[in-house]
file model.txt (compact mmCIF, C-alpha atoms and all ligand atoms)
# COMPACT_ATOMS: atom_id res chain seq x y z
CA MET A 976 -23.06 5.35 9.09
CA ALA A 977 -21.70 1.87 9.78
CA GLU A 978 -22.07 2.11 13.57
CA ASP A 979 -21.02 -1.41 14.52
CA LYS A 980 -18.47 -2.16 11.83
CA VAL A 981 -14.94 -2.98 12.91
CA ALA A 982 -12.00 -2.08 10.68
CA LEU A 983 -8.42 -3.27 11.03
CA VAL A 984 -5.74 -1.09 9.43
CA THR A 985 -2.06 -2.01 9.14
CA GLY A 986 0.72 0.58 9.06
CA SER A 987 -1.32 3.39 10.59
CA SER A 988 1.55 5.39 12.11
CA SER A 989 1.77 7.62 9.03
CA GLY A 990 0.55 8.38 5.52
CA ILE A 991 -2.37 6.56 3.92
CA GLY A 992 -2.82 4.20 6.89
CA LEU A 993 -3.04 7.02 9.42
CA LEU A 994 -5.49 9.01 7.29
CA THR A 995 -7.58 5.91 6.54
CA ALA A 996 -7.84 5.02 10.24
CA VAL A 997 -9.16 8.52 11.02
CA GLU A 998 -11.46 8.62 7.99
CA LEU A 999 -12.98 5.21 8.83
CA ALA A 1000 -13.56 6.35 12.41
CA LEU A 1001 -15.20 9.55 11.16
CA ASN A 1002 -17.52 7.37 9.10
CA GLY A 1003 -18.71 5.29 12.01
CA HIS A 1004 -16.24 2.40 12.16
CA ARG A 1005 -14.52 1.21 15.28
CA VAL A 1006 -10.92 1.09 14.09
CA VAL A 1007 -8.15 -1.17 15.28
CA ALA A 1008 -5.24 0.97 14.11
CA THR A 1009 -2.07 -1.09 14.14
CA MET A 1010 1.58 -0.17 13.78
CA ARG A 1011 4.84 -2.04 14.22
CA ASN A 1012 6.19 0.43 16.75
CA LEU A 1013 3.72 2.02 19.16
CA GLU A 1014 6.27 4.70 19.98
CA ASN A 1015 5.31 6.16 16.58
CA ARG A 1016 1.66 6.64 17.52
CA GLY A 1017 1.96 10.40 18.20
CA ARG A 1018 0.85 11.63 14.76
CA LEU A 1019 -2.17 9.31 14.66
CA GLU A 1020 -3.24 10.26 18.17
CA GLU A 1021 -2.97 13.94 17.33
CA ALA A 1022 -4.97 13.56 14.10
CA ALA A 1023 -7.62 11.45 15.85
CA HIS A 1024 -7.98 13.97 18.72
CA LYS A 1025 -8.29 16.80 16.20
CA ALA A 1026 -11.00 14.92 14.30
CA GLY A 1027 -12.80 14.06 17.56
CA VAL A 1028 -12.55 10.30 17.02
CA ARG A 1029 -9.82 9.22 19.44
CA ASP A 1030 -12.33 7.12 21.39
CA ARG A 1031 -13.17 5.13 18.24
CA LEU A 1032 -9.57 3.96 17.79
CA ASP A 1033 -7.90 0.99 19.47
CA LEU A 1034 -4.14 1.26 18.87
CA ARG A 1035 -2.24 -2.01 18.80
CA ARG A 1036 1.25 -3.17 17.93
CA LEU A 1037 1.44 -5.35 14.83
CA ASP A 1038 4.36 -6.07 12.51
CA ILE A 1039 3.02 -7.77 9.39
CA THR A 1040 6.29 -9.67 8.88
CA GLU A 1041 5.93 -11.45 12.23
CA PHE A 1042 3.88 -14.03 10.37
CA ASP A 1043 3.38 -16.54 13.19
CA SER A 1044 1.91 -13.88 15.48
CA LEU A 1045 -0.77 -12.64 13.06
CA PRO A 1046 -3.56 -15.23 13.61
CA GLY A 1047 -3.25 -14.69 17.39
CA ALA A 1048 -3.36 -10.90 16.95
CA VAL A 1049 -6.52 -11.18 14.83
CA ASP A 1050 -8.13 -13.60 17.33
CA ALA A 1051 -7.46 -11.09 20.12
CA ILE A 1052 -9.18 -8.36 18.07
CA VAL A 1053 -12.22 -10.59 17.52
CA ARG A 1054 -12.28 -11.44 21.23
CA ASP A 1055 -12.28 -7.72 22.14
CA HIS A 1056 -14.40 -6.26 19.33
CA GLY A 1057 -16.57 -9.18 18.23
CA ARG A 1058 -15.71 -9.14 14.52
CA VAL A 1059 -13.53 -7.80 11.70
CA ASP A 1060 -15.59 -6.28 8.90
CA VAL A 1061 -12.81 -4.53 7.01
CA LEU A 1062 -9.12 -5.29 6.69
CA VAL A 1063 -7.03 -2.55 5.09
CA ASN A 1064 -3.70 -4.10 4.10
CA ASN A 1065 -1.80 -0.84 3.91
CA ALA A 1066 1.62 -1.38 5.57
CA GLY A 1067 4.48 -1.24 3.11
CA PHE A 1068 7.64 0.50 2.03
CA SER A 1069 9.54 1.04 -1.21
CA SER A 1070 12.98 -0.13 -2.26
CA ALA A 1071 14.80 1.80 -4.95
CA GLY A 1072 17.80 0.93 -7.05
CA PHE A 1073 18.90 -0.53 -10.36
CA GLY A 1074 18.19 -4.26 -10.57
CA GLU A 1075 21.91 -4.76 -11.16
CA ASP A 1076 22.78 -3.03 -7.87
CA MET A 1077 20.13 -4.59 -5.68
CA GLN A 1078 21.05 -7.61 -3.56
CA LEU A 1079 18.75 -10.63 -3.48
CA HIS A 1080 18.12 -10.17 0.24
CA GLU A 1081 16.98 -6.60 -0.39
CA ILE A 1082 14.49 -7.82 -2.99
CA ARG A 1083 13.31 -10.56 -0.60
CA ASP A 1084 12.80 -8.01 2.20
CA GLN A 1085 10.62 -5.96 -0.11
CA LEU A 1086 8.43 -8.96 -0.91
CA GLU A 1087 8.34 -10.13 2.72
CA THR A 1088 6.54 -6.94 3.73
CA ASN A 1089 4.55 -5.75 0.72
CA PHE A 1090 3.51 -9.17 -0.56
CA PHE A 1091 3.84 -11.90 2.08
CA GLY A 1092 2.84 -9.54 4.89
CA SER A 1093 -0.43 -8.67 3.14
CA VAL A 1094 -0.99 -12.32 2.20
CA ALA A 1095 -0.44 -13.42 5.81
CA MET A 1096 -2.84 -10.75 7.12
CA THR A 1097 -5.46 -11.79 4.55
CA LYS A 1098 -5.09 -15.44 5.56
CA ALA A 1099 -5.45 -14.49 9.23
CA VAL A 1100 -8.81 -12.73 8.69
CA LEU A 1101 -10.34 -15.11 6.13
CA PRO A 1102 -11.59 -17.72 8.68
CA ILE A 1103 -13.26 -14.91 10.67
CA MET A 1104 -14.89 -13.38 7.59
CA ARG A 1105 -15.97 -16.85 6.42
CA LYS A 1106 -17.82 -17.32 9.74
CA GLN A 1107 -19.33 -13.85 9.47
CA LYS A 1108 -20.29 -14.55 5.82
CA ALA A 1109 -19.09 -11.01 5.13
CA GLY A 1110 -16.01 -8.82 5.02
CA HIS A 1111 -13.97 -6.46 2.89
CA ILE A 1112 -10.25 -6.98 2.31
CA ILE A 1113 -8.77 -3.83 0.80
CA GLN A 1114 -5.25 -4.25 -0.56
CA VAL A 1115 -3.33 -1.01 -0.91
CA SER A 1116 -1.48 -1.85 -4.11
CA SER A 1117 -0.05 0.86 -6.40
CA ILE A 1118 0.11 2.09 -9.95
CA SER A 1119 3.43 0.20 -9.73
CA GLY A 1120 1.34 -2.98 -9.52
CA ARG A 1121 0.19 -2.25 -13.08
CA VAL A 1122 3.17 -0.45 -14.62
CA ALA A 1123 6.76 -1.20 -13.54
CA PRO A 1124 8.93 1.91 -13.54
CA PRO A 1125 12.73 1.65 -13.65
CA MET A 1126 14.54 1.69 -10.28
CA LEU A 1127 11.45 0.25 -8.60
CA GLY A 1128 11.70 -3.31 -9.88
CA ALA A 1129 11.51 -4.92 -6.43
CA TYR A 1130 8.67 -2.65 -5.34
CA SER A 1131 6.77 -3.37 -8.57
CA ALA A 1132 7.40 -7.10 -8.21
CA SER A 1133 5.84 -6.97 -4.72
CA LYS A 1134 2.78 -5.10 -5.97
CA PHE A 1135 2.39 -7.16 -9.17
CA ALA A 1136 2.47 -10.27 -6.94
CA LEU A 1137 -0.17 -8.75 -4.65
CA GLU A 1138 -2.32 -7.92 -7.69
CA GLY A 1139 -2.14 -11.46 -9.09
CA TRP A 1140 -2.78 -13.16 -5.77
CA SER A 1141 -5.67 -10.87 -4.87
CA GLU A 1142 -7.30 -11.19 -8.30
CA SER A 1143 -7.34 -14.96 -7.80
CA VAL A 1144 -8.47 -15.01 -4.15
CA ARG A 1145 -11.24 -12.53 -4.90
CA ILE A 1146 -12.97 -15.10 -7.11
CA GLU A 1147 -12.47 -17.87 -4.52
CA VAL A 1148 -14.15 -15.96 -1.68
CA HIS A 1149 -16.84 -13.98 -3.49
CA SER A 1150 -19.56 -16.59 -2.89
CA LEU A 1151 -18.67 -16.53 0.84
CA GLY A 1152 -19.70 -12.87 1.00
CA ILE A 1153 -16.09 -11.64 1.17
CA ARG A 1154 -14.93 -8.86 -1.15
CA VAL A 1155 -11.24 -8.46 -2.12
CA VAL A 1156 -10.33 -5.12 -3.66
CA LEU A 1157 -7.16 -3.53 -5.02
CA VAL A 1158 -6.63 0.21 -4.53
CA GLU A 1159 -3.93 1.53 -6.86
CA PRO A 1160 -2.66 5.01 -5.96
CA GLY A 1161 -0.37 7.16 -8.06
CA SER A 1162 2.04 9.50 -6.23
CA TYR A 1163 0.80 10.79 -2.87
CA ASP A 1164 2.62 12.87 -0.30
CA THR A 1165 3.59 10.44 2.49
CA ASP A 1166 6.70 9.15 4.27
CA ILE A 1167 7.17 6.47 1.60
CA TRP A 1168 9.26 8.99 -0.33
CA THR A 1169 11.45 9.96 2.61
CA ARG A 1170 11.67 8.01 5.87
CA ASN A 1171 10.38 4.77 4.36
CA VAL A 1172 12.33 4.51 1.12
CA LYS A 1173 15.18 2.01 1.24
CA VAL A 1174 17.84 2.75 -1.31
CA ALA A 1175 19.79 -0.35 -2.37
CA ALA A 1176 23.19 -0.42 -0.67
CA GLY A 1177 24.77 -1.09 -4.08
CA ALA A 1178 23.26 2.07 -5.54
CA LEU A 1179 25.12 4.15 -2.93
CA ASP A 1180 28.40 2.36 -3.62
CA PRO A 1181 30.82 4.76 -5.36
CA ALA A 1182 32.01 1.77 -7.42
CA SER A 1183 28.54 1.13 -8.87
CA PRO A 1184 28.53 1.44 -12.67
CA ASN A 1185 25.09 3.04 -12.27
CA LYS A 1186 26.18 5.69 -9.78
CA GLU A 1187 25.60 8.69 -12.02
CA ARG A 1188 22.29 7.45 -13.35
CA SER A 1189 21.14 6.69 -9.79
CA GLN A 1190 21.96 10.26 -8.80
CA ARG A 1191 20.04 11.66 -11.76
CA PHE A 1192 17.05 9.48 -10.87
CA ALA A 1193 17.20 10.69 -7.24
CA GLU A 1194 17.15 14.29 -8.52
CA PHE A 1195 14.14 13.48 -10.70
CA VAL A 1196 12.29 12.02 -7.67
CA LYS A 1197 13.13 15.10 -5.60
CA SER A 1198 11.98 17.49 -8.32
CA SER A 1199 8.67 15.66 -8.77
CA ALA A 1200 7.76 16.00 -5.07
CA LYS A 1201 5.65 19.10 -5.76
CA HIS A 1202 3.29 17.05 -7.94
CA ARG A 1203 2.40 14.56 -5.18
CA ARG A 1204 -1.19 14.73 -4.09
CA ASP A 1205 -2.90 14.82 -0.71
CA ALA A 1206 -3.20 11.24 0.55
CA ARG A 1207 -6.61 12.03 2.09
CA GLU A 1208 -7.99 11.33 -1.41
CA VAL A 1209 -6.87 7.70 -1.07
CA ALA A 1210 -8.23 7.41 2.48
CA LYS A 1211 -11.63 8.68 1.33
CA LEU A 1212 -11.65 6.20 -1.55
CA ILE A 1213 -10.86 3.33 0.85
CA VAL A 1214 -13.80 4.35 3.05
CA ARG A 1215 -16.06 4.45 -0.01
CA VAL A 1216 -14.94 0.94 -0.99
CA ALA A 1217 -15.44 -0.30 2.59
CA HIS A 1218 -19.08 0.85 2.42
CA ASP A 1219 -19.77 -0.62 -1.02
CA PRO A 1220 -21.44 -4.05 -0.79
CA ASN A 1221 -20.32 -4.87 -4.31
CA PRO A 1222 -17.01 -3.14 -5.05
CA LYS A 1223 -14.98 -3.52 -8.25
CA LEU A 1224 -11.70 -5.44 -8.29
CA ARG A 1225 -9.50 -2.40 -9.05
CA TYR A 1226 -9.62 1.28 -8.13
CA LEU A 1227 -6.94 3.37 -9.80
CA ILE A 1228 -6.54 6.78 -8.16
CA GLY A 1229 -4.56 9.89 -9.12
CA GLY A 1230 -4.16 11.73 -12.41
CA ASP A 1231 -0.56 10.49 -12.82
CA ALA A 1232 -1.66 6.87 -12.34
CA LYS A 1233 -4.42 7.22 -14.94
CA LEU A 1234 -2.02 8.90 -17.39
CA GLN A 1235 0.51 6.06 -17.04
CA ILE A 1236 -2.09 3.38 -17.76
CA TRP A 1237 -3.33 5.35 -20.73
CA LEU A 1238 0.19 5.86 -22.16
CA LYS A 1239 1.05 2.19 -21.66
CA ARG A 1240 -2.11 1.28 -23.56
CA ILE A 1241 -1.82 3.64 -26.52
CA LEU A 1242 1.92 3.99 -27.21
CA PRO A 1243 3.98 1.42 -29.09
CA TRP A 1244 6.05 -0.36 -26.42
CA ARG A 1245 9.49 0.79 -27.64
CA LYS A 1246 8.36 4.39 -27.77
CA TYR A 1247 6.88 4.09 -24.28
CA GLU A 1248 10.16 2.66 -22.87
CA ARG A 1249 12.28 5.42 -24.41
CA MET A 1250 9.91 8.07 -23.11
CA ILE A 1251 10.02 6.68 -19.54
CA ALA A 1252 13.84 6.35 -19.49
CA LYS A 1253 14.14 9.94 -20.64
CA ALA A 1254 11.51 11.25 -18.22
CA VAL A 1255 13.22 9.70 -15.17
CA LYS A 1256 16.65 10.72 -16.48
CA ILE A 1257 18.27 7.29 -16.67
CA ASP A 1258 18.96 7.21 -20.43
CA GLN A 1259 22.70 7.23 -21.09
N1 LIG B 1301 2.41 7.38 -1.13
C1 LIG B 1301 2.37 6.93 -2.37
O1 LIG B 1301 2.69 7.65 -3.32
C2 LIG B 1301 1.90 5.53 -2.62
C3 LIG B 1301 1.57 5.19 -3.95
C4 LIG B 1301 1.13 3.90 -4.22
C5 LIG B 1301 1.00 2.98 -3.19
N2 LIG B 1301 1.33 3.33 -1.92
C6 LIG B 1301 1.20 2.29 -0.87
O2 LIG B 1301 0.52 2.84 0.23
C7 LIG B 1301 0.84 2.07 1.40
C8 LIG B 1301 1.11 3.02 2.54
O3 LIG B 1301 2.26 3.78 2.28
P1 LIG B 1301 2.35 5.36 2.52
O4 LIG B 1301 2.51 5.99 1.21
O5 LIG B 1301 1.29 5.80 3.41
O6 LIG B 1301 3.78 5.44 3.23
P2 LIG B 1301 4.23 5.67 4.74
O7 LIG B 1301 3.77 6.98 5.23
O8 LIG B 1301 5.69 5.41 4.72
O9 LIG B 1301 3.48 4.54 5.58
C9 LIG B 1301 3.85 3.19 5.53
C10 LIG B 1301 3.39 2.54 6.80
O10 LIG B 1301 3.70 1.14 6.75
C11 LIG B 1301 4.31 0.77 7.96
N3 LIG B 1301 5.11 -0.44 7.85
C12 LIG B 1301 6.18 -0.71 7.07
N4 LIG B 1301 6.61 -1.97 7.28
C13 LIG B 1301 5.77 -2.53 8.19
C14 LIG B 1301 5.67 -3.79 8.81
N5 LIG B 1301 6.55 -4.77 8.55
N6 LIG B 1301 4.66 -4.01 9.68
C15 LIG B 1301 3.76 -3.04 9.97
N7 LIG B 1301 3.83 -1.80 9.44
C16 LIG B 1301 4.82 -1.56 8.56
C17 LIG B 1301 5.11 2.00 8.37
O11 LIG B 1301 5.46 1.89 9.74
P3 LIG B 1301 6.66 2.71 10.43
O12 LIG B 1301 6.07 4.03 10.86
O13 LIG B 1301 7.07 1.86 11.58
O14 LIG B 1301 7.74 2.88 9.41
C18 LIG B 1301 4.10 3.08 8.06
O15 LIG B 1301 3.15 3.16 9.09
C19 LIG B 1301 2.03 1.18 1.01
O16 LIG B 1301 1.58 -0.13 0.81
C20 LIG B 1301 2.50 1.79 -0.30
O17 LIG B 1301 3.12 0.85 -1.13
C21 LIG B 1301 1.78 4.58 -1.61
call {"tool": "encode", "arguments": {"input": "model.txt", "output": "structure tokens"}}
result
Amino acid sequence: MAEDKVALVTGSSSGIGLLTAVELALNGHRVVATMRNLENRGRLEEAAHKAGVRDRLDLRRLDITEFDSLPGAVDAIVRDHGRVDVLVNNAGFSSAGFGEDMQLHEIRDQLETNFFGSVAMTKAVLPIMRKQKAGHIIQVSSISGRVAPPMLGAYSASKFALEGWSESVRIEVHSLGIRVVLVEPGSYDTDIWTRNVKVAAGALDPASPNKERSQRFAEFVKSSAKHRRDAREVAKLIVRVAHDPNPKLRYLIGGDAKLQIWLKRILPWRKYERMIAKAVKIDQ
């Protein structure tokens, strides 16, 4: 048990963030569970009550794209809890659409949250962790940070950027006692596939030259829902990483994620591309 450890989780109103907040609390952490809209705290409160850990959670409002407010929010947490041992940069969403249909501002929005939001949170905790001479920064990346599927170019760009930046910062802070880790889930059953997917406005435009292919892709996504796994697996992995004094850089999780990396490695590239286009039903 890590009785006195303090964990800060972003995006804990649903999915991996919610489950991670509860799982960390069950494993002895005091958890500052943050969300951008506290009106959405119902599911977390219910899960925490059920698990008997409600008293170990401090729920706070935090939008990771309100960049200027983040250092102050982290200072307030340190004032109230004494330290931040673990940051779980989990908040994110996915944008879907053909690159041709997606507007620049839609791509920017995707990077503002998934990349710059996580960068800004990391920068806000680094001075604290430097003083503590310890800390874990766990970046919830994705298999899409290693393999870029069609229709998810902006999402993949955000996660590839997070991967590159984190790989670099990890080396910079290692000798300070700070550990930066990338967790790379495959497909897990959360709101990212429903409430939190933003479909490019252009993809919904009846005049889009990609309209039919977009519809076929949407059908593929719907039909693959049954294969999504229980996100508790990811939460448990994050807790394991948080307790490891010497974690690896990358943790890939999910059979589908491992299969994709393996296929990308062994297949000739052209064959791989044709196979993916066919599988997601966007070949002409
Ligand atoms: N589920 C998967 O298959 C999968 C696979 C690979 C990686 N991931 C990654 O896992 C992470 C968590 O996603 P999830 O699958 O658990 O989806 P989710 O259930 O939709 O949860 C996403 C969370 O992020 C929050 N959020 C979005 N923008 C935010 C912002 N600007 N500031 C603060 N919070 C914000 C959402 O808040 P609201 O409730 O206000 O919307 C929600 O709490 C994401 O980084 C995602 O890319 C998920």
call {"tool": "residues_near_ligand", "arguments": {"input": "model.txt", "ligand": "ligand LIG 1301 (chain B)", "cutoff": "8 Å", "atoms": "all atoms listed in the file", "output": "NGL selection string"}}
result
:A and (985-993 or 1009-1012 or 1015 or 1037-1041 or 1064-1069 or 1088-1089 or 1092 or 1115-1119 or 1130 or 1134 or 1159-1172 or 1203 or 1206)
call {"tool": "atom_distance", "arguments": {"input": "model.txt", "atom1": "atom CA of Val1094 of chain A", "atom2": "atom CA of Glu1208 of chain A"}}
result
24.9 Å
call {"tool": "closest_residue", "arguments": {"input": "model.txt", "among": "A:Ala996, A:Ile1052, A:Leu1079, A:Ile1257", "to": "Ile1103 of chain A", "atoms": "all atoms listed in the file"}}
result
A:Ile1052
call {"tool": "residues_around", "arguments": {"input": "model.txt", "residues": "Val1049 of chain A", "least_positions_apart": "5", "cutoff": "9 Å", "atoms": "all atoms listed in the file", "output": "ChimeraX atom specification"}}
result
/A:983,1044,1054,1059,1096,1099-1100,1103
call {"tool": "closest_residue", "arguments": {"input": "model.txt", "among": "A:Arg1121, A:Pro1181, A:Lys1239, A:Val1148", "to": "Phe1135 of chain A", "atoms": "all atoms listed in the file"}}
result
A:Arg1121
call {"tool": "residues_around", "arguments": {"input": "model.txt", "residues": "Pro1222 of chain A", "least_positions_apart": "6", "cutoff": "12 Å", "atoms": "all atoms listed in the file", "output": "PyMOL selection string"}}
result
chain A and resi 1110-1113+1145+1149+1152-1158+1212-1216
call {"tool": "residues_around", "arguments": {"input": "model.txt", "residues": "Val1028 of chain A", "least_positions_apart": "6", "cutoff": "12 Å", "atoms": "all atoms listed in the file", "output": "list in words"}}
result
Ala996, Val997, Glu998, Leu999, Ala1000, Leu1001, Asn1002, Gly1003, His1004, Arg1005, Val1006, Leu1019, Glu1020, Glu1021 and Ala1022 of chain A
call {"tool": "atom_distance", "arguments": {"input": "model.txt", "atom1": "atom CA of Ala1182 of chain A", "atom2": "atom CA of Asp1076 of chain A"}}
result
10.4 Å
call {"tool": "residues_around", "arguments": {"input": "model.txt", "residues": "Asp1258 of chain A", "least_positions_apart": "6", "cutoff": "8 Å", "atoms": "only C-alpha atoms", "output": "JSON list (two decimals) with C-alpha atoms, in the coordinates of the input"}}
result
[["chain", "number", "residue", "atom", "x", "y", "z"],
["A", 1188, "ARG", "CA", 22.29, 7.45, -13.35],
["A", 1249, "ARG", "CA", 12.28, 5.42, -24.41],
["A", 1252, "ALA", "CA", 13.84, 6.35, -19.49]]
call {"tool": "atom_distance", "arguments": {"input": "model.txt", "atom1": "atom CA of Lys1197 of chain A", "atom2": "atom CA of Lys1246 of chain A"}}
result
25.1 Å
call {"tool": "closest_residue", "arguments": {"input": "model.txt", "among": "A:Val1174, A:Val1122, A:Ala1008, A:Leu1238", "to": "Arg1029 of chain A", "atoms": "only C-alpha atoms"}}
result
A:Ala1008
call {"tool": "axis_aligned_box", "arguments": {"input": "model.txt", "around": "segment 1125-1132 of chain A", "padding_each_side": "6 Å", "output": "AutoDock Vina command-line options"}}
result
--center_x 10.7 --center_y -2.7 --center_z -9.5 --size_x 19.8 --size_y 20.8 --size_z 20.3
call {"tool": "closest_residue", "arguments": {"input": "model.txt", "among": "A:Val1209, A:Val1007, A:Leu1137, A:Ala1175", "to": "Asp1055 of chain A", "atoms": "all atoms listed in the file"}}
result
A:Val1007
call {"tool": "closest_residue", "arguments": {"input": "model.txt", "among": "A:Pro1184, A:Leu1224, A:Gln1235, A:Glu1014", "to": "Met1250 of chain A", "atoms": "only C-alpha atoms"}}
result
A:Gln1235
call {"tool": "closest_residue", "arguments": {"input": "model.txt", "among": "A:Lys980, A:Arg1058, A:Lys1211, A:Arg1083", "to": "Pro1102 of chain A", "atoms": "only C-alpha atoms"}}
result
A:Arg1058
